[in-house]
>>> print(open('upload35.pdb').read())   # PDB, C-alpha atoms and all ligand atoms
ATOM      1  CA  MET A   1      -3.758   4.076  12.169  1.00  0.00           C
ATOM      2  CA  THR A   2      -4.956   3.969   8.584  1.00  0.00           C
ATOM      3  CA  ILE A   3      -2.638   2.272   6.159  1.00  0.00           C
ATOM      4  CA  GLN A   4      -1.839   3.817   2.813  1.00  0.00           C
ATOM      5  CA  LEU A   5      -2.582   1.662  -0.208  1.00  0.00           C
ATOM      6  CA  THR A   6      -1.243   2.081  -3.694  1.00  0.00           C
ATOM      7  CA  LYS A   7      -3.703   2.160  -6.571  1.00  0.00           C
ATOM      8  CA  ASP A   8      -2.926  -1.496  -7.362  1.00  0.00           C
ATOM      9  CA  GLU A   9      -3.250  -2.537  -3.716  1.00  0.00           C
ATOM     10  CA  GLN A  10      -6.629  -0.803  -3.494  1.00  0.00           C
ATOM     11  CA  ARG A  11      -7.719  -2.562  -6.692  1.00  0.00           C
ATOM     12  CA  LEU A  12      -6.740  -5.903  -5.134  1.00  0.00           C
ATOM     13  CA  VAL A  13      -8.533  -5.119  -1.842  1.00  0.00           C
ATOM     14  CA  ASP A  14     -11.684  -4.070  -3.723  1.00  0.00           C
ATOM     15  CA  HIS A  15     -11.564  -7.279  -5.760  1.00  0.00           C
ATOM     16  CA  ALA A  16     -10.993  -9.326  -2.597  1.00  0.00           C
ATOM     17  CA  LYS A  17     -14.010  -7.864  -0.808  1.00  0.00           C
ATOM     18  CA  GLU A  18     -16.263  -8.387  -3.801  1.00  0.00           C
ATOM     19  CA  MET A  19     -15.161 -11.992  -4.228  1.00  0.00           C
ATOM     20  CA  VAL A  20     -15.396 -12.866  -0.501  1.00  0.00           C
ATOM     21  CA  VAL A  21     -19.052 -11.826  -0.560  1.00  0.00           C
ATOM     22  CA  LYS A  22     -19.656 -13.787  -3.762  1.00  0.00           C
ATOM     23  CA  TYR A  23     -17.818 -16.917  -2.591  1.00  0.00           C
ATOM     24  CA  ASN A  24     -19.350 -16.885   0.894  1.00  0.00           C
ATOM     25  CA  ASN A  25     -22.871 -16.356  -0.420  1.00  0.00           C
ATOM     26  CA  HIS A  26     -22.303 -19.373  -2.645  1.00  0.00           C
ATOM     27  CA  ARG A  27     -20.868 -21.422   0.222  1.00  0.00           C
ATOM     28  CA  ASN A  28     -23.644 -20.420   2.631  1.00  0.00           C
ATOM     29  CA  ALA A  29     -26.290 -21.391   0.084  1.00  0.00           C
ATOM     30  CA  LYS A  30     -24.719 -24.868   0.123  1.00  0.00           C
ATOM     31  CA  GLY A  31     -24.678 -24.947   3.931  1.00  0.00           C
ATOM     32  CA  GLN A  32     -20.972 -24.299   4.327  1.00  0.00           C
ATOM     33  CA  LEU A  33     -19.179 -21.841   6.554  1.00  0.00           C
ATOM     34  CA  ALA A  34     -17.024 -18.890   5.599  1.00  0.00           C
ATOM     35  CA  THR A  35     -13.322 -19.534   5.156  1.00  0.00           C
ATOM     36  CA  ILE A  36     -10.029 -17.736   4.722  1.00  0.00           C
ATOM     37  CA  TYR A  37      -9.416 -16.362   1.251  1.00  0.00           C
ATOM     38  CA  ALA A  38      -6.305 -14.923  -0.338  1.00  0.00           C
ATOM     39  CA  PHE A  39      -5.875 -12.871  -3.490  1.00  0.00           C
ATOM     40  CA  VAL A  40      -2.631 -12.406  -5.364  1.00  0.00           C
ATOM     41  CA  LEU A  41      -1.723  -9.539  -7.632  1.00  0.00           C
ATOM     42  CA  SER A  42       0.990 -10.755  -9.986  1.00  0.00           C
ATOM     43  CA  ASP A  43       3.655  -8.483 -11.373  1.00  0.00           C
ATOM     44  CA  SER A  44       1.776  -8.953 -14.669  1.00  0.00           C
ATOM     45  CA  GLY A  45      -1.133  -7.012 -13.165  1.00  0.00           C
ATOM     46  CA  LYS A  46      -3.461 -10.007 -13.096  1.00  0.00           C
ATOM     47  CA  ILE A  47      -5.310 -11.163  -9.975  1.00  0.00           C
ATOM     48  CA  TYR A  48      -5.647 -14.749  -8.762  1.00  0.00           C
ATOM     49  CA  ASP A  49      -7.975 -16.012  -6.042  1.00  0.00           C
ATOM     50  CA  GLY A  50      -7.491 -18.795  -3.528  1.00  0.00           C
ATOM     51  CA  ALA A  51      -9.484 -20.359  -0.727  1.00  0.00           C
ATOM     52  CA  CYS A  52      -8.304 -22.396   2.201  1.00  0.00           C
ATOM     53  CA  LEU A  53      -8.399 -26.099   1.341  1.00  0.00           C
ATOM     54  CA  GLU A  54      -9.713 -27.825   4.439  1.00  0.00           C
ATOM     55  CA  SER A  55      -8.994 -31.511   4.861  1.00  0.00           C
ATOM     56  CA  THR A  56     -10.113 -34.072   7.441  1.00  0.00           C
ATOM     57  CA  ILE A  57      -6.536 -35.339   7.787  1.00  0.00           C
ATOM     58  CA  SER A  58      -4.788 -32.054   8.581  1.00  0.00           C
ATOM     59  CA  ALA A  59      -3.335 -31.922   5.101  1.00  0.00           C
ATOM     60  CA  GLY A  60      -5.019 -28.804   3.842  1.00  0.00           C
ATOM     61  CA  ILE A  61      -3.519 -25.936   1.909  1.00  0.00           C
ATOM     62  CA  CYS A  62      -3.702 -22.347   3.041  1.00  0.00           C
ATOM     63  CA  ALA A  63      -5.570 -19.799   0.939  1.00  0.00           C
ATOM     64  CA  GLU A  64      -2.321 -17.925   0.293  1.00  0.00           C
ATOM     65  CA  ARG A  65      -0.644 -20.903  -1.352  1.00  0.00           C
ATOM     66  CA  ALA A  66      -3.852 -21.802  -3.210  1.00  0.00           C
ATOM     67  CA  ALA A  67      -3.915 -18.302  -4.727  1.00  0.00           C
ATOM     68  CA  ILE A  68      -0.199 -18.450  -5.562  1.00  0.00           C
ATOM     69  CA  SER A  69      -0.709 -21.853  -7.167  1.00  0.00           C
ATOM     70  CA  ASN A  70      -3.529 -20.384  -9.254  1.00  0.00           C
ATOM     71  CA  MET A  71      -1.118 -17.681 -10.408  1.00  0.00           C
ATOM     72  CA  PHE A  72       1.189 -20.400 -11.673  1.00  0.00           C
ATOM     73  CA  THR A  73      -1.582 -22.132 -13.616  1.00  0.00           C
ATOM     74  CA  LYS A  74      -1.823 -19.065 -15.854  1.00  0.00           C
ATOM     75  CA  GLU A  75       1.697 -17.680 -15.652  1.00  0.00           C
ATOM     76  CA  THR A  76       5.137 -19.119 -14.978  1.00  0.00           C
ATOM     77  CA  TYR A  77       7.337 -19.708 -11.956  1.00  0.00           C
ATOM     78  CA  SER A  78       9.135 -16.526 -12.978  1.00  0.00           C
ATOM     79  CA  SER A  79       6.071 -14.489 -12.005  1.00  0.00           C
ATOM     80  CA  LYS A  80       6.386 -12.398  -8.882  1.00  0.00           C
ATOM     81  CA  ILE A  81       3.825 -11.558  -6.225  1.00  0.00           C
ATOM     82  CA  ALA A  82       3.316  -7.801  -6.233  1.00  0.00           C
ATOM     83  CA  CYS A  83       0.789  -7.954  -3.409  1.00  0.00           C
ATOM     84  CA  ILE A  84      -1.231 -10.559  -1.554  1.00  0.00           C
ATOM     85  CA  VAL A  85      -4.391  -9.863   0.412  1.00  0.00           C
ATOM     86  CA  THR A  86      -5.685 -12.281   3.027  1.00  0.00           C
ATOM     87  CA  LEU A  87      -9.157 -11.958   4.489  1.00  0.00           C
ATOM     88  CA  CYS A  88      -9.978 -14.072   7.518  1.00  0.00           C
ATOM     89  CA  PRO A  89     -13.444 -14.676   8.990  1.00  0.00           C
ATOM     90  CA  VAL A  90     -13.572 -13.821  12.693  1.00  0.00           C
ATOM     91  CA  PRO A  91     -16.326 -14.128  15.332  1.00  0.00           C
ATOM     92  CA  GLU A  92     -15.484 -10.640  16.599  1.00  0.00           C
ATOM     93  CA  GLN A  93     -12.925  -8.005  15.688  1.00  0.00           C
ATOM     94  CA  LEU A  94      -9.405  -8.950  16.679  1.00  0.00           C
ATOM     95  CA  GLU A  95      -6.664  -6.559  17.711  1.00  0.00           C
ATOM     96  CA  TYR A  96      -4.887  -7.331  14.443  1.00  0.00           C
ATOM     97  CA  SER A  97      -5.776  -9.544  11.509  1.00  0.00           C
ATOM     98  CA  PRO A  98      -4.362 -13.062  11.311  1.00  0.00           C
ATOM     99  CA  THR A  99      -1.164 -13.116   9.273  1.00  0.00           C
ATOM    100  CA  PRO A 100       0.032 -15.859   6.909  1.00  0.00           C
ATOM    101  CA  CYS A 101       1.477 -18.990   8.537  1.00  0.00           C
ATOM    102  CA  GLY A 102       5.195 -19.733   8.451  1.00  0.00           C
ATOM    103  CA  VAL A 103       5.017 -21.925   5.353  1.00  0.00           C
ATOM    104  CA  CYS A 104       3.097 -19.273   3.436  1.00  0.00           C
ATOM    105  CA  ARG A 105       5.498 -16.565   4.602  1.00  0.00           C
ATOM    106  CA  HIS A 106       8.324 -18.540   3.034  1.00  0.00           C
ATOM    107  CA  VAL A 107       6.422 -19.095  -0.225  1.00  0.00           C
ATOM    108  CA  ILE A 108       5.428 -15.416  -0.421  1.00  0.00           C
ATOM    109  CA  TRP A 109       9.066 -14.481   0.162  1.00  0.00           C
ATOM    110  CA  GLN A 110      10.255 -16.995  -2.466  1.00  0.00           C
ATOM    111  CA  TYR A 111       7.853 -15.758  -5.140  1.00  0.00           C
ATOM    112  CA  GLY A 112       7.902 -12.115  -4.068  1.00  0.00           C
ATOM    113  CA  ASP A 113      10.554  -9.450  -3.973  1.00  0.00           C
ATOM    114  CA  SER A 114      11.574  -6.503  -1.838  1.00  0.00           C
ATOM    115  CA  LYS A 115       8.519  -4.536  -3.002  1.00  0.00           C
ATOM    116  CA  THR A 116       5.958  -7.284  -2.280  1.00  0.00           C
ATOM    117  CA  THR A 117       3.298  -6.313   0.239  1.00  0.00           C
ATOM    118  CA  ILE A 118       1.021  -8.455   2.365  1.00  0.00           C
ATOM    119  CA  ILE A 119      -2.292  -6.932   3.419  1.00  0.00           C
ATOM    120  CA  CYS A 120      -4.289  -8.707   6.113  1.00  0.00           C
ATOM    121  CA  GLY A 121      -7.913  -8.060   6.944  1.00  0.00           C
ATOM    122  CA  GLN A 122     -10.850  -9.496   8.842  1.00  0.00           C
ATOM    123  CA  TYR A 123     -14.496  -9.973   8.063  1.00  0.00           C
ATOM    124  CA  MET A 124     -17.578 -11.214   9.819  1.00  0.00           C
ATOM    125  CA  LYS A 125     -21.216 -11.860   9.159  1.00  0.00           C
ATOM    126  CA  ASP A 126     -23.867  -9.811  10.829  1.00  0.00           C
ATOM    127  CA  ASN A 127     -27.548  -9.221  10.196  1.00  0.00           C
ATOM    128  CA  ASP A 128     -26.751  -6.986   7.227  1.00  0.00           C
ATOM    129  CA  GLY A 129     -24.514  -9.547   5.539  1.00  0.00           C
ATOM    130  CA  TRP A 130     -20.752  -9.667   5.262  1.00  0.00           C
ATOM    131  CA  ARG A 131     -18.962  -6.848   7.012  1.00  0.00           C
ATOM    132  CA  PHE A 132     -15.278  -6.041   6.572  1.00  0.00           C
ATOM    133  CA  VAL A 133     -13.347  -4.623   9.486  1.00  0.00           C
ATOM    134  CA  PRO A 134     -12.061  -1.285   8.159  1.00  0.00           C
ATOM    135  CA  LYS A 135      -8.720  -1.658   9.920  1.00  0.00           C
ATOM    136  CA  LYS A 136      -6.185  -3.652   7.910  1.00  0.00           C
ATOM    137  CA  GLU A 137      -2.490  -4.255   8.311  1.00  0.00           C
ATOM    138  CA  LYS A 138       0.116  -4.002   5.586  1.00  0.00           C
ATOM    139  CA  TYR A 139       3.511  -5.679   5.799  1.00  0.00           C
ATOM    140  CA  SER A 140       6.567  -6.143   3.659  1.00  0.00           C
ATOM    141  CA  THR A 141       8.007  -9.633   3.218  1.00  0.00           C
ATOM    142  CA  THR A 142      10.954  -8.753   5.440  1.00  0.00           C
ATOM    143  CA  GLN A 143       8.646  -7.579   8.217  1.00  0.00           C
ATOM    144  CA  LEU A 144       6.826 -10.920   8.291  1.00  0.00           C
ATOM    145  CA  TYR A 145       9.807 -13.113   7.401  1.00  0.00           C
ATOM    146  CA  PRO A 146      12.979 -11.259   8.351  1.00  0.00           C
ATOM    147  CA  LYS A 147      15.370 -14.207   8.309  1.00  0.00           C
ATOM    148  CA  PRO A 148      14.234 -16.514   5.506  1.00  0.00           C
ATOM    149  CA  PHE A 149      15.341 -20.105   5.197  1.00  0.00           C
ATOM    150  CA  ILE A 150      17.983 -20.304   2.500  1.00  0.00           C
ATOM    151  CA  ASP A 151      19.094 -23.737   1.333  1.00  0.00           C
ATOM    152  CA  PRO A 152      22.885 -23.646   1.566  1.00  0.00           C
ATOM    153  CA  TRP A 153      23.148 -26.394  -1.092  1.00  0.00           C
ATOM    154  CA  ALA A 154      20.824 -24.917  -3.681  1.00  0.00           C
TER
HETATM  155 ZN    ZN B 201      -0.263 -20.736   5.334  1.00  0.00          ZN
END
>>> encode(input="upload35.pdb", output="structure tokens")
Amino acid sequence: MTIQLTKDEQRLVDHAKEMVVKYNNHRNAKGQLATIYAFVLSDSGKIYDGACLESTISAGICAERAAISNMFTKETYSSKIACIVTLCPVPEQLEYSPTPCGVCRHVIWQYGDSKTTIICGQYMKDNDGWRFVPKKEKYSTTQLYPKPFIDPWA
């Protein structure tokens, strides 16, 4: 099934694909592997990129939260996530693309709204370079995080 993308979602996906190729070519030239990337479209219309922060002590930060954090370096905590795209490197095509982890689902919910969409895709490297799996999945925040944690004392 082909998902329908809005004009803004398509703009974000196009940006994401372009930047994954650019970032991975840079990383590969330095001898590093591909990683997960996330791209946020703010309600301001601006796009922010993030890469997975890998740490040797299991204290990394997911690409989703890195991209959201980058949004807050240029905007304010009042900004909302209109859409977030995650692109995950895979050794072979998976049945469905990896979705954001539980922590990221909460953060996307917290800084999103009922219209926020999450688009998940996969990519791999073959002899012709980086190849994106055409099939993507699109979710709403309530689909991925239907019963959010709400602090009863906040
Ligand atoms: Zn995460």
>>> resolve_selection(input="upload35.pdb", expression="the PyMOL selection byres (((not hetatm)) within 10 of (chain B and resi 201))", output="mmCIF file with C-alpha atoms, in the frame of the given file")
data_model
loop_
_atom_site.group_PDB
_atom_site.id
_atom_site.type_symbol
_atom_site.label_atom_id
_atom_site.label_comp_id
_atom_site.auth_asym_id
_atom_site.auth_seq_id
_atom_site.Cartn_x
_atom_site.Cartn_y
_atom_site.Cartn_z
ATOM 1 C CA CYS A 52 -8.304 -22.396 2.201
ATOM 2 C CA GLY A 60 -5.019 -28.804 3.842
ATOM 3 C CA ILE A 61 -3.519 -25.936 1.909
ATOM 4 C CA CYS A 62 -3.702 -22.347 3.041
ATOM 5 C CA ALA A 63 -5.570 -19.799 0.939
ATOM 6 C CA GLU A 64 -2.321 -17.925 0.293
ATOM 7 C CA ARG A 65 -0.644 -20.903 -1.352
ATOM 8 C CA ALA A 66 -3.852 -21.802 -3.210
ATOM 9 C CA THR A 99 -1.164 -13.116 9.273
ATOM 10 C CA PRO A 100 0.032 -15.859 6.909
ATOM 11 C CA CYS A 101 1.477 -18.990 8.537
ATOM 12 C CA GLY A 102 5.195 -19.733 8.451
ATOM 13 C CA VAL A 103 5.017 -21.925 5.353
ATOM 14 C CA CYS A 104 3.097 -19.273 3.436
ATOM 15 C CA ARG A 105 5.498 -16.565 4.602
ATOM 16 C CA HIS A 106 8.324 -18.540 3.034
ATOM 17 C CA VAL A 107 6.422 -19.095 -0.225
ATOM 18 C CA ILE A 108 5.428 -15.416 -0.421
#
>>> residues_near_point(input="upload35.pdb", point="(0.6, -3.1, 6.6)", cutoff="8 Å", atoms="only C-alpha atoms", output="list of chain:residue names")
A:Ile3, A:Thr117, A:Ile118, A:Ile119, A:Cys120, A:Lys136, A:Glu137, A:Lys138, A:Tyr139, A:Ser140
>>> residues_around(input="upload35.pdb", residues="A:Ile68", least_positions_apart="5", cutoff="9 Å", atoms="all atoms listed in the file", output="list in words")
Ala38, Phe39, Val40, Ser42, Tyr48, Asp49, Gly50, Ala63, Thr73, Ile81, Ile84, Val107, Ile108 and Tyr111 of chain A
>>> residues_around(input="upload35.pdb", residues="A:Gln10", least_positions_apart="2", cutoff="12 Å", atoms="only C-alpha atoms", output="mmCIF file with C-alpha atoms, in the frame of the given file")
data_model
loop_
_atom_site.group_PDB
_atom_site.id
_atom_site.type_symbol
_atom_site.label_atom_id
_atom_site.label_comp_id
_atom_site.auth_asym_id
_atom_site.auth_seq_id
_atom_site.Cartn_x
_atom_site.Cartn_y
_atom_site.Cartn_z
ATOM 1 C CA ILE A 3 -2.638 2.272 6.159
ATOM 2 C CA GLN A 4 -1.839 3.817 2.813
ATOM 3 C CA LEU A 5 -2.582 1.662 -0.208
ATOM 4 C CA THR A 6 -1.243 2.081 -3.694
ATOM 5 C CA LYS A 7 -3.703 2.160 -6.571
ATOM 6 C CA ASP A 8 -2.926 -1.496 -7.362
ATOM 7 C CA LEU A 12 -6.740 -5.903 -5.134
ATOM 8 C CA VAL A 13 -8.533 -5.119 -1.842
ATOM 9 C CA ASP A 14 -11.684 -4.070 -3.723
ATOM 10 C CA HIS A 15 -11.564 -7.279 -5.760
ATOM 11 C CA ALA A 16 -10.993 -9.326 -2.597
ATOM 12 C CA LYS A 17 -14.010 -7.864 -0.808
ATOM 13 C CA LEU A 41 -1.723 -9.539 -7.632
ATOM 14 C CA CYS A 83 0.789 -7.954 -3.409
ATOM 15 C CA ILE A 84 -1.231 -10.559 -1.554
ATOM 16 C CA VAL A 85 -4.391 -9.863 0.412
ATOM 17 C CA THR A 117 3.298 -6.313 0.239
ATOM 18 C CA ILE A 119 -2.292 -6.932 3.419
ATOM 19 C CA LYS A 136 -6.185 -3.652 7.910
ATOM 20 C CA LYS A 138 0.116 -4.002 5.586
#
>>> atom_distance(input="upload35.pdb", atom1="atom CA of A:Asp43", atom2="atom CA of A:Asn24")
27.4 Å
>>> atom_distance(input="upload35.pdb", atom1="atom CA of A:Gln122", atom2="atom CA of A:Arg27")
17.8 Å
>>> axis_aligned_box(input="upload35.pdb", around="stretch 135-147 of chain A", padding_each_side="5 Å", output="JSON")
{"center_x": 3.3, "center_y": -7.9, "center_z": 6.6, "size_x": 34.1, "size_y": 22.5, "size_z": 16.7}
>>> closest_residue(input="upload35.pdb", among="A:Cys88, A:Val133, A:Met124, A:Met71", to="A:Tyr37", atoms="all atoms listed in the file")
A:Cys88
>>> atom_distance(input="upload35.pdb", atom1="atom CA of A:Thr116", atom2="atom CA of A:Ala82")
4.8 Å
